[in-house]
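A.B. asks: Before anything else, here's the structure in question.
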Amino acid sequence: MMKQAGILPILMILAFILGCVDGAAVDEDFEVGSHVEDWRDEIIYQVMVDRFANGDRSNDFNVDPVSEAAYHGGDWQGLIDRLDYFEELGVTALWISPVVKNVEEDAGFASYHGYWAQDFTSVNPHFGDLAKLREFVNACHARNPPIKVILDVVVNHIGQLFYYDINRNGQPDEWLTGSATSSPLSRATEWDPDFDSRGVQAFTSMGESGSAPIRWVYMPEISRTPPMPEEFQNPDWYNRMGRVTVWGREKDACLTEGVITREEADNAGSWRDLPACEAYVTLQETRGDFPGGLKDLDTTLPEVRQALFKVFADWIEKADFDGFRIDTVKHVEHEFFQYFCPQIRQFAHSLGKENFFMFGEVFDGYDPLLGSYTHDDELDSLFYFSQKFAIDGVFKYNGPTSGLEDLYQQRLANYSRTSKPNGPVGADGASLVPTQLLVNFLDNHDLPRFLYDFEDIDALHAALFYQFTIDGLPCLYYGTEQEFDGGNDPANREDMWKSGYATDGPTFRHVQKLTALRRDYAPLRRGDFTIRWSTDHVADEQDAGIYAFEREYKGERILVVINAHGSHAARTSATDTGGGEMTVGFPAGTRLVNVFEDADPNDEAVVSGNQTVNIVVPARGGKVFVAR
């Protein structure tokens, strides 16, 4: 259905009325409980609700499936209708996009993704009502084994619901600054002005006149009205410093602002080597508006922290979610999470949810930054961006596998190895720590897909093999199993129904085999991790492309060997370059058999008397060996 200007306001009013009915139509039999035995057993599937399946045409208002920037009609009923698909693929947990009511549209783009909150307490009517959300979660939990549901939440910002009245004329304006003769012209806007550490300043032709007042907008036809709950309408709850401008030009920005000198800039290898510059970048990232006009909450205020805890704790109770994926984590100060995470854990525990799981998005490849959010009772885990970039380097661009080992060693230094009160526990009741729970991914909604600029299905299969056998939780972005290849947002948010939800394609079958392997062999889910081989070689050396590791759990040991090289078979030895063969933890004489079905006949090996083994793996191949 195309957008119809005359019908839209009526539909929005109707949706509002239905949303109000939700509160009265509470399911008396709805219960909240714990559905997770051990998060290490889970395989997460990230689904963008609007783009997955349209199960209820009655909520298709303001839908334009032709436009990549519009709502396309996916909803919670569509997810219910496709639970068999998830189960056949082998995923055990669904991470769904945010459920809260959003600003309907902004600057020609719709809020189908869910990251532009307008009302933290109401559901997005495009996806259904509260009763339908509960029906979806209940249907997931009724599966055997239960499918867990992880909710995407945003604590950093709200949608673009106010503008900065910089010229104090009571309306949102845009203008050009600069001069064609002295400097390039640039656009200035009261919706999304540039960062100012003093706060966005008002000014006229007479000069500056103090902090720019903010003006809430009232456009109910597109849900652009002051935020709810009502306390979020307090102007003091926002940082009001304007949008982040430093990305991609950190050192230049610090120079321009006088944070560092030219000499300091020239002598430093990276802006992260300059403490003053790093502090300024962090100031912008944690206090500035997210570009696009998303207004930054002042999460340093106790009352803001308490309000955010309250609205998201309420969603656990209303819809029985099993965990949170938390958006834009690096844009929020650590102290917020030191408050929020323990509070959420304690609240979930009080409801009988004894294994609530929180992982966050730090969209950055700098591993120490990612790890910093797992200390001091903060997050249980992170979306492992640094590894995503390392995987691309090895499996797409023929980088050395020693880079994967280097990153693993950083994990032990950067991420917390301390358990958290009321945090995740394993099947044996022992506490789990962040180094055991990192969320491994290849594709997501913010990056071009793996196949976008590298259309090599064998490389994708090898990277998936790595993702599903290493330490941590694998997370599959919807459509990867269908070989989607979209570029940057919104091209990477394709309609799933165009695939026909096929279950016979080579990549779907490949993922199926990997999920079954994890299900059948506990060490691949819960086992300790020991690297047995990595290499700097990337050419025609014997071991070029080899990465091997062992995983051991309760006396059961598994050996995984991967060849990331794209053009030749490789082996676990370096006798051609003066090295030896690979040492393993299995006793001498152990017969090892590959249990991952592939076309290569080299499926057996015997451990030598000095506990070494020489295994050959074809290009882009992987093998999983057990003792027989």
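Numbering starts fresh at 1 for the residues of each chain in the structure tokens, the chains themselves are lettered A, B, ... in the order given, and ligands are numbered from 1 as they appear.
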Could you find all residues in region 115-240 of chain A that DSSP calls helix (DSSP H, G or I) from the backbone, and write them as a list in words?

C.D. replies: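 Those in region 115-240 of chain A that DSSP calls helix (DSSP H, G or I) are Leu130, Ala131, Lys132, Leu133, Arg134, Glu135, Phe136, Val137, Asn138, Ala139, Cys140, His141, Pro220, Glu221, Ile222, Glu230, Glu231, Phe232, Gln233, Pro235, Asp236 and Trp237 of chain A.
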
A.B. asks: Find the spatial neighbours of region 368-377 of chain A, counting only C-alpha atoms, within a cut-off of 10 Å - ignore same-chain residues fewer than 3 positions away - and output them as number ranges by chain.

C.D. replies: A: 329-330, 333-335, 337-342, 359-365, 380-386, 410-421, 423, 433-435, 438

A.B. asks: Pull the strand (DSSP E or B) assignments for region 483-593 of chain A out of DSSP run on the backbone, and list those residues as number ranges by chain.

C.D. replies: A: 528-533, 546-553, 556-563, 570-571, 573, 581-583, 591-593

A.B. asks: Save the residues we just selected, N, CA, C and O atoms, as a compact mmCIF listing (two decimals), in the first residue's frame?

C.D. replies:
# COMPACT_ATOMS: atom_id res chain seq x y z
N ASP A 528 36.46 -24.93 26.91
CA ASP A 528 37.64 -24.06 26.99
C ASP A 528 38.26 -23.95 25.60
O ASP A 528 38.07 -24.81 24.74
N PHE A 529 39.05 -22.92 25.41
CA PHE A 529 39.56 -22.60 24.07
C PHE A 529 41.08 -22.54 24.10
O PHE A 529 41.66 -21.76 24.85
N THR A 530 41.73 -23.38 23.29
CA THR A 530 43.20 -23.39 23.20
C THR A 530 43.61 -23.34 21.74
O THR A 530 43.26 -24.22 20.95
N ILE A 531 44.34 -22.31 21.36
CA ILE A 531 44.81 -22.18 19.97
C ILE A 531 46.00 -23.11 19.76
O ILE A 531 46.96 -23.11 20.54
N ARG A 532 45.92 -23.91 18.71
CA ARG A 532 46.99 -24.87 18.39
C ARG A 532 47.83 -24.44 17.20
O ARG A 532 48.98 -24.86 17.09
N TRP A 533 47.27 -23.60 16.31
CA TRP A 533 48.07 -23.17 15.16
C TRP A 533 47.49 -21.90 14.57
O TRP A 533 46.28 -21.79 14.34
N ILE A 546 46.02 -21.53 7.63
CA ILE A 546 45.59 -22.46 8.68
C ILE A 546 45.34 -21.73 10.00
O ILE A 546 46.13 -20.90 10.45
N TYR A 547 44.22 -22.08 10.63
CA TYR A 547 43.92 -21.67 12.00
C TYR A 547 43.30 -22.88 12.69
O TYR A 547 42.31 -23.45 12.20
N ALA A 548 43.90 -23.32 13.80
CA ALA A 548 43.44 -24.54 14.48
C ALA A 548 43.36 -24.28 15.97
O ALA A 548 44.19 -23.56 16.55
N PHE A 549 42.35 -24.88 16.59
CA PHE A 549 42.18 -24.74 18.04
C PHE A 549 41.46 -25.95 18.59
O PHE A 549 40.78 -26.69 17.86
N GLU A 550 41.63 -26.15 19.89
CA GLU A 550 40.92 -27.21 20.59
C GLU A 550 39.93 -26.61 21.57
O GLU A 550 40.17 -25.54 22.14
N ARG A 551 38.82 -27.34 21.77
CA ARG A 551 37.84 -26.96 22.77
C ARG A 551 37.57 -28.20 23.62
O ARG A 551 37.34 -29.29 23.08
N GLU A 552 37.59 -28.01 24.94
CA GLU A 552 37.45 -29.15 25.85
C GLU A 552 36.40 -28.83 26.91
O GLU A 552 36.38 -27.75 27.49
N TYR A 553 35.50 -29.80 27.13
CA TYR A 553 34.43 -29.62 28.13
C TYR A 553 34.17 -30.96 28.78
O TYR A 553 33.83 -31.94 28.12
N GLU A 556 35.71 -34.06 27.33
CA GLU A 556 35.54 -34.29 25.89
C GLU A 556 36.29 -33.21 25.13
O GLU A 556 36.10 -32.02 25.38
N ARG A 557 37.14 -33.63 24.21
CA ARG A 557 38.02 -32.70 23.49
C ARG A 557 37.69 -32.74 21.99
O ARG A 557 37.45 -33.80 21.42
N ILE A 558 37.70 -31.56 21.38
CA ILE A 558 37.45 -31.44 19.94
C ILE A 558 38.54 -30.57 19.33
O ILE A 558 38.96 -29.56 19.91
N LEU A 559 38.99 -30.96 18.15
CA LEU A 559 39.99 -30.19 17.41
C LEU A 559 39.33 -29.61 16.16
O LEU A 559 38.73 -30.34 15.37
N VAL A 560 39.44 -28.30 15.98
CA VAL A 560 38.90 -27.61 14.81
C VAL A 560 40.06 -27.07 13.98
O VAL A 560 40.96 -26.42 14.52
N VAL A 561 40.02 -27.36 12.69
CA VAL A 561 41.07 -26.88 11.78
C VAL A 561 40.39 -26.18 10.60
O VAL A 561 39.53 -26.77 9.94
N ILE A 562 40.78 -24.93 10.34
CA ILE A 562 40.20 -24.12 9.28
C ILE A 562 41.31 -23.69 8.33
O ILE A 562 42.42 -23.35 8.76
N ASN A 563 41.00 -23.70 7.04
CA ASN A 563 41.90 -23.13 6.04
C ASN A 563 41.21 -21.94 5.39
O ASN A 563 40.26 -22.11 4.62
N ALA A 570 45.99 -26.49 2.56
CA ALA A 570 47.05 -26.18 3.51
C ALA A 570 47.06 -27.25 4.59
O ALA A 570 46.10 -27.99 4.77
N ARG A 571 48.19 -27.33 5.31
CA ARG A 571 48.34 -28.37 6.33
C ARG A 571 48.85 -27.79 7.63
O ARG A 571 49.41 -26.68 7.66
N SER A 573 51.41 -27.96 9.42
CA SER A 573 52.85 -28.13 9.60
C SER A 573 53.57 -27.02 8.86
O SER A 573 53.00 -26.37 7.97
N GLU A 581 55.43 -29.84 13.16
CA GLU A 581 54.03 -30.16 12.99
C GLU A 581 53.25 -29.72 14.23
O GLU A 581 53.83 -29.40 15.27
N MET A 582 51.93 -29.73 14.14
CA MET A 582 51.09 -29.18 15.18
C MET A 582 50.96 -30.13 16.37
O MET A 582 50.63 -31.31 16.22
N THR A 583 51.23 -29.61 17.55
CA THR A 583 51.04 -30.36 18.79
C THR A 583 49.58 -30.23 19.23
O THR A 583 48.98 -29.17 19.13
N ARG A 591 43.01 -41.89 17.43
CA ARG A 591 42.48 -41.78 16.06
C ARG A 591 41.47 -40.64 16.05
O ARG A 591 40.48 -40.64 16.79
N LEU A 592 41.71 -39.66 15.20
CA LEU A 592 40.84 -38.49 15.07
C LEU A 592 40.01 -38.62 13.80
O LEU A 592 40.53 -38.94 12.73
N VAL A 593 38.72 -38.35 13.93
CA VAL A 593 37.80 -38.46 12.80
C VAL A 593 37.03 -37.15 12.65
O VAL A 593 36.52 -36.60 13.64

A.B. asks: Got a sec: who's within 10 Å of Asp38 (chain A), counting only C-alpha atoms, leaving out chain neighbours fewer than 3 positions off, as a list in words?

C.D. replies: His35, Asp41, Glu42, Asn355, Pro424, Val425, Gly426, Ala427, Asp428, Gly429, Ala430, Leu432, Arg525 and Arg526 of chain A

A.B. asks: Export N, CA and C atoms of the chosen residues as a short mmCIF file (atom, residue, chain, number, x, y, z; two decimals), in the first residue's frame?

C.D. replies:
data_model
loop_
_atom_site.label_atom_id
_atom_site.label_comp_id
_atom_site.auth_asym_id
_atom_site.auth_seq_id
_atom_site.Cartn_x
_atom_site.Cartn_y
_atom_site.Cartn_z
N HIS A 35 13.83 -18.97 30.86
CA HIS A 35 13.76 -19.94 29.78
C HIS A 35 15.13 -20.36 29.27
N ASP A 41 24.87 -22.01 24.96
CA ASP A 41 24.21 -22.97 24.07
C ASP A 41 23.41 -22.29 22.96
N GLU A 42 23.24 -20.98 23.06
CA GLU A 42 22.30 -20.30 22.17
C GLU A 42 22.95 -19.87 20.85
N ASN A 355 18.55 -15.70 34.47
CA ASN A 355 19.64 -15.75 33.49
C ASN A 355 19.46 -14.67 32.44
N PRO A 424 24.57 -13.90 34.19
CA PRO A 424 24.35 -15.20 33.56
C PRO A 424 25.13 -16.31 34.25
N VAL A 425 24.53 -17.50 34.29
CA VAL A 425 25.18 -18.68 34.85
C VAL A 425 25.10 -19.80 33.83
N GLY A 426 26.00 -20.77 33.98
CA GLY A 426 26.01 -21.92 33.10
C GLY A 426 25.06 -23.00 33.57
N ALA A 427 25.01 -24.09 32.80
CA ALA A 427 24.10 -25.19 33.12
C ALA A 427 24.42 -25.82 34.46
N ASP A 428 25.69 -25.72 34.88
CA ASP A 428 26.09 -26.30 36.16
C ASP A 428 25.93 -25.32 37.32
N GLY A 429 25.37 -24.12 37.04
CA GLY A 429 25.15 -23.13 38.09
C GLY A 429 26.32 -22.20 38.32
N ALA A 430 27.44 -22.46 37.65
CA ALA A 430 28.61 -21.59 37.81
C ALA A 430 28.43 -20.30 37.01
N LEU A 432 29.00 -17.21 34.60
CA LEU A 432 29.68 -17.00 33.33
C LEU A 432 30.20 -15.57 33.28
N ARG A 525 30.13 -25.49 22.24
CA ARG A 525 29.32 -24.46 22.87
C ARG A 525 29.96 -23.96 24.16
N ARG A 526 30.43 -24.88 24.96
CA ARG A 526 30.84 -24.54 26.32
C ARG A 526 32.32 -24.76 26.60
#
